[in-house]
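S.K.: My file is coords.cif. It has mmCIF, C-alpha atoms and all ligand atoms:
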data_run
#
loop_
_atom_site.label_atom_id
_atom_site.label_comp_id
_atom_site.auth_asym_id
_atom_site.auth_seq_id
_atom_site.Cartn_x
_atom_site.Cartn_y
_atom_site.Cartn_z
CA MET A 1 17.58 -12.57 10.61
CA VAL A 2 14.25 -12.38 8.80
CA SER A 3 14.98 -11.48 5.21
CA ASN A 4 11.78 -11.32 3.10
CA GLY A 5 13.23 -8.23 1.49
CA LYS A 6 14.72 -7.20 -1.80
CA VAL A 7 17.21 -4.56 -2.97
CA ILE A 8 16.71 -2.51 -6.13
CA ILE A 9 19.17 -0.14 -7.77
CA ALA A 10 17.85 1.81 -10.76
CA SER A 11 21.31 2.70 -12.14
CA GLY A 12 20.64 5.96 -13.92
CA GLY A 13 16.85 5.66 -14.01
CA ARG A 14 14.09 6.72 -11.66
CA ILE A 15 12.37 4.74 -8.92
CA ILE A 16 8.61 5.34 -9.08
CA CYS A 17 6.54 4.03 -6.17
CA VAL A 18 2.78 3.71 -6.73
CA GLY A 19 0.10 3.63 -3.99
CA ASP A 20 -2.61 0.98 -3.45
CA LEU A 21 -4.41 0.04 -6.70
CA HIS A 22 -7.28 -2.07 -5.28
CA GLY A 23 -8.40 -3.06 -8.79
CA CYS A 24 -8.16 0.43 -10.28
CA TYR A 25 -6.38 -0.62 -13.48
CA GLU A 26 -7.50 2.31 -15.65
CA GLU A 27 -6.14 4.81 -13.14
CA ALA A 28 -2.86 2.85 -12.90
CA ILE A 29 -2.33 3.02 -16.66
CA GLU A 30 -3.20 6.71 -16.71
CA LEU A 31 -0.71 7.37 -13.89
CA LEU A 32 2.13 5.40 -15.53
CA ASP A 33 1.45 7.29 -18.78
CA ALA A 34 1.80 10.56 -16.89
CA CYS A 35 5.21 9.39 -15.59
CA LYS A 36 6.50 8.88 -19.17
CA LEU A 37 8.50 5.76 -18.30
CA THR A 38 11.84 4.97 -19.90
CA PRO A 39 13.48 1.50 -19.92
CA LYS A 40 15.83 2.58 -17.10
CA ASP A 41 12.99 3.44 -14.71
CA VAL A 42 11.78 1.02 -12.05
CA VAL A 43 8.10 1.02 -11.01
CA VAL A 44 7.28 -0.36 -7.56
CA PHE A 45 3.69 -1.02 -6.47
CA LEU A 46 3.22 -0.77 -2.71
CA GLY A 47 0.83 -3.73 -2.39
CA ASP A 48 -2.97 -4.05 -2.12
CA LEU A 49 -3.34 -4.57 -5.85
CA VAL A 50 -6.73 -6.23 -5.36
CA ASP A 51 -10.19 -6.00 -3.69
CA ARG A 52 -13.00 -3.43 -3.85
CA GLY A 53 -12.18 -2.16 -7.37
CA PRO A 54 -13.22 -3.61 -10.75
CA GLU A 55 -10.09 -5.02 -12.45
CA ASN A 56 -8.16 -7.09 -9.95
CA ALA A 57 -6.55 -9.65 -12.28
CA LYS A 58 -5.41 -6.91 -14.66
CA CYS A 59 -3.78 -5.05 -11.77
CA VAL A 60 -1.84 -8.19 -10.79
CA ASP A 61 -0.82 -8.77 -14.43
CA LEU A 62 0.46 -5.19 -14.50
CA ALA A 63 2.44 -5.59 -11.26
CA MET A 64 3.99 -8.80 -12.62
CA ARG A 65 5.63 -6.69 -15.34
CA HIS A 66 7.14 -4.35 -12.72
CA GLU A 67 8.09 -4.61 -9.01
CA CYS A 68 5.72 -5.00 -6.09
CA ILE A 69 5.61 -5.67 -2.35
CA LEU A 70 3.07 -7.78 -0.48
CA GLY A 71 -0.02 -6.00 0.88
CA ASN A 72 -2.41 -7.23 3.55
CA HIS A 73 -5.02 -7.96 0.85
CA GLU A 74 -2.64 -10.24 -1.08
CA GLU A 75 -1.80 -11.89 2.23
CA LYS A 76 -5.53 -12.49 2.86
CA HIS A 77 -5.93 -14.16 -0.54
CA LEU A 78 -2.88 -16.35 0.13
CA GLN A 79 -4.55 -17.45 3.38
CA TYR A 80 -7.73 -18.46 1.50
CA ARG A 81 -5.57 -20.31 -1.00
CA ARG A 82 -3.70 -22.24 1.70
CA VAL A 83 -7.01 -23.39 3.22
CA GLU A 84 -8.12 -24.61 -0.23
CA GLU A 85 -4.83 -26.39 -0.81
CA GLN A 86 -5.44 -28.27 2.43
CA GLY A 87 -8.74 -29.47 0.99
CA HIS A 88 -11.03 -27.18 2.98
CA VAL A 89 -13.45 -24.43 1.98
CA PRO A 90 -12.15 -21.03 3.09
CA HIS A 91 -14.37 -18.68 5.06
CA VAL A 92 -14.35 -15.65 2.76
CA VAL A 93 -15.13 -12.61 4.87
CA ALA A 94 -16.16 -10.02 2.26
CA SER A 95 -18.12 -10.00 -1.01
CA THR A 96 -15.32 -8.04 -2.64
CA HIS A 97 -12.92 -10.89 -1.79
CA VAL A 98 -15.29 -13.31 -3.56
CA GLU A 99 -15.22 -11.11 -6.66
CA THR A 100 -11.40 -10.95 -6.56
CA ARG A 101 -11.18 -14.75 -6.15
CA ASN A 102 -13.36 -15.15 -9.25
CA GLN A 103 -10.81 -13.14 -11.21
CA LEU A 104 -7.51 -14.51 -9.87
CA ARG A 105 -5.76 -17.34 -11.73
CA PRO A 106 -3.34 -19.90 -10.23
CA GLU A 107 -0.34 -17.95 -11.54
CA HIS A 108 -1.46 -14.91 -9.54
CA TYR A 109 -1.32 -16.85 -6.28
CA GLU A 110 2.14 -18.20 -7.21
CA TYR A 111 3.19 -14.62 -7.84
CA PHE A 112 1.82 -13.41 -4.47
CA LYS A 113 3.96 -16.09 -2.78
CA THR A 114 7.08 -14.49 -4.26
CA LEU A 115 6.35 -10.91 -3.13
CA PRO A 116 8.80 -9.34 -0.64
CA LEU A 117 7.66 -7.53 2.52
CA PHE A 118 9.99 -4.62 1.78
CA ILE A 119 12.23 -3.29 -0.98
CA ARG A 120 15.34 -1.27 -0.22
CA PHE A 121 16.64 1.49 -2.51
CA PRO A 122 20.22 2.03 -1.29
CA GLU A 123 20.86 4.84 -3.81
CA HIS A 124 18.19 6.89 -2.03
CA ASN A 125 18.57 5.68 1.58
CA ALA A 126 14.92 4.61 1.31
CA VAL A 127 12.80 1.50 1.77
CA ALA A 128 9.27 0.69 0.56
CA VAL A 129 6.84 -1.21 2.80
CA HIS A 130 3.07 -1.68 2.59
CA ALA A 131 1.74 -0.13 5.82
CA GLY A 132 4.69 1.12 7.86
CA VAL A 133 7.24 0.24 10.52
CA TYR A 134 7.53 0.05 14.30
CA PRO A 135 10.03 2.56 15.76
CA GLY A 136 13.46 1.64 17.08
CA ARG A 137 14.04 -1.57 15.15
CA PRO A 138 15.67 -2.28 11.78
CA ILE A 139 13.43 -3.15 8.82
CA GLU A 140 14.87 -6.69 8.73
CA ALA A 141 13.75 -7.22 12.36
CA GLN A 142 10.19 -5.88 11.95
CA ASP A 143 7.16 -8.01 12.75
CA PRO A 144 5.51 -8.80 9.37
CA ASN A 145 2.17 -7.81 10.95
CA HIS A 146 3.51 -4.32 11.51
CA LEU A 147 4.82 -4.08 7.94
CA LEU A 148 1.39 -5.14 6.62
CA HIS A 149 -1.02 -3.41 9.01
CA ILE A 150 0.54 -0.81 11.32
CA GLN A 151 -1.38 2.43 11.90
CA MET A 152 -1.88 3.98 15.39
CA ILE A 153 0.59 2.90 18.09
CA ASN A 154 1.58 3.67 21.66
CA PRO A 155 5.14 2.36 22.26
CA PRO A 156 6.35 0.30 24.00
CA ASP A 157 2.95 -1.41 23.47
CA LYS A 158 3.34 -3.47 20.27
CA ALA A 159 -0.34 -3.31 19.33
CA SER A 160 -1.61 -1.28 16.37
CA LYS A 161 -5.14 0.13 16.09
CA TRP A 162 -7.29 1.80 13.43
CA PRO A 163 -7.49 5.58 13.78
CA SER A 164 -11.18 5.33 14.70
CA LYS A 165 -10.44 2.70 17.38
CA ALA A 166 -7.28 4.15 18.91
CA PRO A 167 -7.43 5.42 22.51
CA GLU A 168 -6.53 9.02 23.34
CA GLY A 169 -2.78 9.58 23.17
CA TRP A 170 -2.03 6.93 20.53
CA LYS A 171 -0.29 8.30 17.46
CA PHE A 172 0.23 7.28 13.85
CA TRP A 173 3.54 5.37 13.48
CA THR A 174 5.09 8.08 11.25
CA ASN A 175 5.32 10.37 14.29
CA PHE A 176 7.84 7.96 15.86
CA TRP A 177 10.02 6.82 12.95
CA ASP A 178 13.43 8.48 12.95
CA GLY A 179 15.25 6.45 10.30
CA PRO A 180 18.00 5.83 9.43
CA GLU A 181 16.17 5.31 6.14
CA LYS A 182 13.15 7.00 4.60
CA VAL A 183 10.10 4.72 4.65
CA ILE A 184 7.71 4.87 1.66
CA PHE A 185 4.28 3.38 2.41
CA GLY A 186 0.64 3.02 1.33
CA HIS A 187 -2.23 1.21 3.14
CA SER A 188 -3.67 4.20 5.00
CA VAL A 189 -5.74 6.48 2.77
CA ILE A 190 -4.65 10.04 3.44
CA THR A 191 -5.93 13.49 2.53
CA ARG A 192 -2.74 14.59 0.76
CA PRO A 193 0.70 12.99 0.20
CA LEU A 194 2.64 12.85 3.48
CA ILE A 195 6.23 13.77 2.65
CA THR A 196 8.96 14.39 5.23
CA ASP A 197 12.70 13.52 5.42
CA LYS A 198 11.78 10.19 7.06
CA VAL A 199 8.39 9.09 5.69
CA VAL A 200 6.46 9.20 2.40
CA GLY A 201 2.78 8.17 2.49
CA ILE A 202 1.09 7.78 -0.90
CA ASP A 203 -2.22 5.94 -0.62
CA GLY A 204 -4.53 8.53 -2.17
CA GLY A 205 -7.60 6.27 -2.00
CA ALA A 206 -8.22 5.91 -5.75
CA VAL A 207 -10.69 3.08 -5.14
CA PHE A 208 -12.84 5.43 -3.04
CA GLY A 209 -12.91 7.97 -5.88
CA TYR A 210 -10.11 10.11 -4.46
CA GLU A 211 -6.69 9.91 -6.15
CA LEU A 212 -3.91 7.51 -7.21
CA TRP A 213 -0.43 8.83 -6.41
CA ALA A 214 3.12 7.99 -7.47
CA TYR A 215 6.31 9.20 -5.74
CA GLU A 216 9.40 9.62 -7.91
CA MET A 217 13.01 9.36 -6.77
CA PRO A 218 15.41 11.08 -6.87
CA SER A 219 13.25 14.15 -7.67
CA GLY A 220 10.68 13.72 -4.88
CA LYS A 221 7.96 14.66 -7.37
CA VAL A 222 4.42 13.31 -6.87
CA TYR A 223 2.19 12.35 -9.82
CA SER A 224 -1.55 12.16 -9.32
CA VAL A 225 -4.65 11.00 -11.23
CA ARG A 226 -8.28 11.18 -10.13
CA GLY A 227 -10.07 7.96 -9.08
CA LYS A 228 -12.90 7.21 -11.53
CA GLN A 229 -15.47 6.09 -9.00
CA ASN A 230 -16.12 5.28 -5.34
CA HIS A 231 -16.06 1.46 -5.14
CA GLY A 232 -16.28 1.52 -1.35
CA GLN A 233 -19.89 0.24 -1.13
CA GLY A 234 -21.10 3.30 0.76
CA ARG A 235 -17.84 3.74 2.63
CA ARG A 236 -15.93 6.97 2.15
CA GLY A 237 -16.27 8.65 -1.25
CA ARG A 238 -15.92 12.32 -1.87
CA PRO A 239 -17.56 14.60 0.68
CA THR A 240 -19.12 16.44 -2.27
CA ASP A 241 -21.00 13.24 -3.20
CA GLY A 242 -23.02 13.63 0.01
CA ASN A 243 -21.04 11.06 2.00
CA ASN A 244 -20.57 11.53 5.70
CA ILE A 245 -16.88 10.93 6.30
CA SER A 246 -14.78 11.33 9.40
CA THR A 247 -11.21 12.51 9.01
CA TYR A 248 -8.55 11.93 11.68
CA LEU A 249 -5.42 14.06 11.70
CA ILE A 250 -2.46 11.69 11.88
CA HIS A 251 0.66 13.72 11.07
CA GLY A 252 0.66 17.53 11.07
CA ASP A 253 -2.23 18.61 8.88
CA VAL A 254 -2.42 15.27 7.01
CA GLY A 255 -5.59 13.34 7.79
CA THR A 256 -6.78 9.79 7.24
CA TYR A 257 -10.25 8.27 6.91
CA SER A 258 -11.98 5.43 8.77
MN MN B 1 -3.48 -2.33 3.04
#
Have the structure of the file written as structure tokens, please.
Ligand SMILES: [Mn+2]

M.R.:
Amino acid sequence: MVSNGKVIIASGGRIICVGDLHGCYEEAIELLDACKLTPKDVVVFLGDLVDRGPENAKCVDLAMRHECILGNHEEKHLQYRRVEEQGHVPHVVASTHVETRNQLRPEHYEYFKTLPLFIRFPEHNAVAVHAGVYPGRPIEAQDPNHLLHIQMINPPDKASKWPSKAPEGWKFWTNFWDGPEKVIFGHSVITRPLITDKVVGIDGGAVFGYELWAYEMPSGKVYSVRGKQNHGQGRRGRPTDGNNISTYLIHGDVGTYS
């Protein structure tokens, strides 16, 4: 069995899951302040601490003081690191990755190597992952690529596609997941928190100037702070800022961008 997971019990405190930071340290601090943390509470970041936003290293330092799962952006930086460790020069695919690499220190890469792909919360019959899960298989048996990237699917096809690239009839994975546990995820920027009995989506797109969200258990309450700025280099941003953005409905009236 693939493990790569972790179990957390907050014995008497709250579990507070926080969506993708992408370098938005100021917003993260503001959000944690709003949660009024006590020593019994456990904060879990859902991955994608880095890239696009301004304060990548500070976001990793913050996560190191709490709990966190691996995101596809941390995975990307681990891939660059492995190439370097083999004595080669990595092909860095985005300018924002270069900026992140300038900020990251060796201890950050060592930390990324320790991050689990999922965290279970048995008290709440819930599990946190970065992107989502493929239907009909236990979390422990999921393909790591699904946990890190999954969006639009068409079972039994195992492929996953971006909303803008998915053929007619493909659906966002949340429409298929039937438990047994509730899956809490980030990765896909959505128009409002997606909260059902079986799924909780909380990437509010802070780095694009939208919002940073936290989901609290056991209450089910959502905390929210406004993103300071659109760091998306022309991508996304608030419609009111004159950006031309396409929204795709993915689950009921909840939409995503891209
Ligand atoms: Mn992601």

S.K.: Using all atoms listed in the file, can you list as an MDAnalysis selection string the residues within 12 Å of (4.0, -13.1, -4.0)?

M.R.: chainID A and resid 4:5 47:49 60 63:64 67:78 106:118

S.K.: Looking at only C-alpha atoms, which of A:Thr96, A:Ser219, A:Ser164, A:Ser224 is the one that sits closest to A:Ser246?

M.R.: A:Ser164

S.K.: Select, from A:Ala159, A:Leu212, A:Ile119, A:Ala126, the residue with the minimum atom-to-atom distance to A:Glu26, counting all atoms listed in the file.

M.R.: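 Among A:Ala159, A:Leu212, A:Ile119, A:Ala126, it is A:Leu212 that comes nearest to A:Glu26.
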
S.K.: My list of candidates is A:Val98, A:Ile29, A:Cys59, A:Ile150. Which is closest to ligand MN 1 (chain B) when distances are computed with only C-alpha atoms and all ligand atoms?

M.R.: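 Ranked by minimum distance to ligand MN 1 (chain B), first place goes to A:Ile150.
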
S.K.: Give as a PDB file with C-alpha atoms, in the coordinates of the input the set of residues within 10 Å of the point (14.6, -0.4, -2.9), where distances use the file's coordinates and only C-alpha atoms.

M.R.:
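This is the output file out.pdb:
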ATOM      1  CA  GLY A   5      13.230  -8.230   1.490  1.00  0.00           C
ATOM      2  CA  LYS A   6      14.720  -7.200  -1.800  1.00  0.00           C
ATOM      3  CA  VAL A   7      17.210  -4.560  -2.970  1.00  0.00           C
ATOM      4  CA  ILE A   8      16.710  -2.510  -6.130  1.00  0.00           C
ATOM      5  CA  ILE A   9      19.170  -0.140  -7.770  1.00  0.00           C
ATOM      6  CA  ALA A  10      17.850   1.810 -10.760  1.00  0.00           C
ATOM      7  CA  ILE A  15      12.370   4.740  -8.920  1.00  0.00           C
ATOM      8  CA  CYS A  17       6.540   4.030  -6.170  1.00  0.00           C
ATOM      9  CA  VAL A  42      11.780   1.020 -12.050  1.00  0.00           C
ATOM     10  CA  VAL A  44       7.280  -0.360  -7.560  1.00  0.00           C
ATOM     11  CA  GLU A  67       8.090  -4.610  -9.010  1.00  0.00           C
ATOM     12  CA  PHE A 118       9.990  -4.620   1.780  1.00  0.00           C
ATOM     13  CA  ILE A 119      12.230  -3.290  -0.980  1.00  0.00           C
ATOM     14  CA  ARG A 120      15.340  -1.270  -0.220  1.00  0.00           C
ATOM     15  CA  PHE A 121      16.640   1.490  -2.510  1.00  0.00           C
ATOM     16  CA  PRO A 122      20.220   2.030  -1.290  1.00  0.00           C
ATOM     17  CA  GLU A 123      20.860   4.840  -3.810  1.00  0.00           C
ATOM     18  CA  HIS A 124      18.190   6.890  -2.030  1.00  0.00           C
ATOM     19  CA  ASN A 125      18.570   5.680   1.580  1.00  0.00           C
ATOM     20  CA  ALA A 126      14.920   4.610   1.310  1.00  0.00           C
ATOM     21  CA  VAL A 127      12.800   1.500   1.770  1.00  0.00           C
ATOM     22  CA  ALA A 128       9.270   0.690   0.560  1.00  0.00           C
ATOM     23  CA  VAL A 129       6.840  -1.210   2.800  1.00  0.00           C
ATOM     24  CA  ILE A 184       7.710   4.870   1.660  1.00  0.00           C
TER      25      ILE A 184
END

S.K.: Smallest atom-to-atom distance to ligand MN 1 (chain B): which of A:Val189, A:Ala166, A:Val254, A:Val222, using all atoms listed in the file?

M.R.: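 For ligand MN 1 (chain B), the nearest of the given residues is A:Val189.
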
S.K.: Hey, can you check how far atom CA of A:Asp20 sits from atom CA of A:Lys228?

M.R.: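 Straight-line distance from atom CA of A:Asp20 to atom CA of A:Lys228 works out to 14.5 Å.
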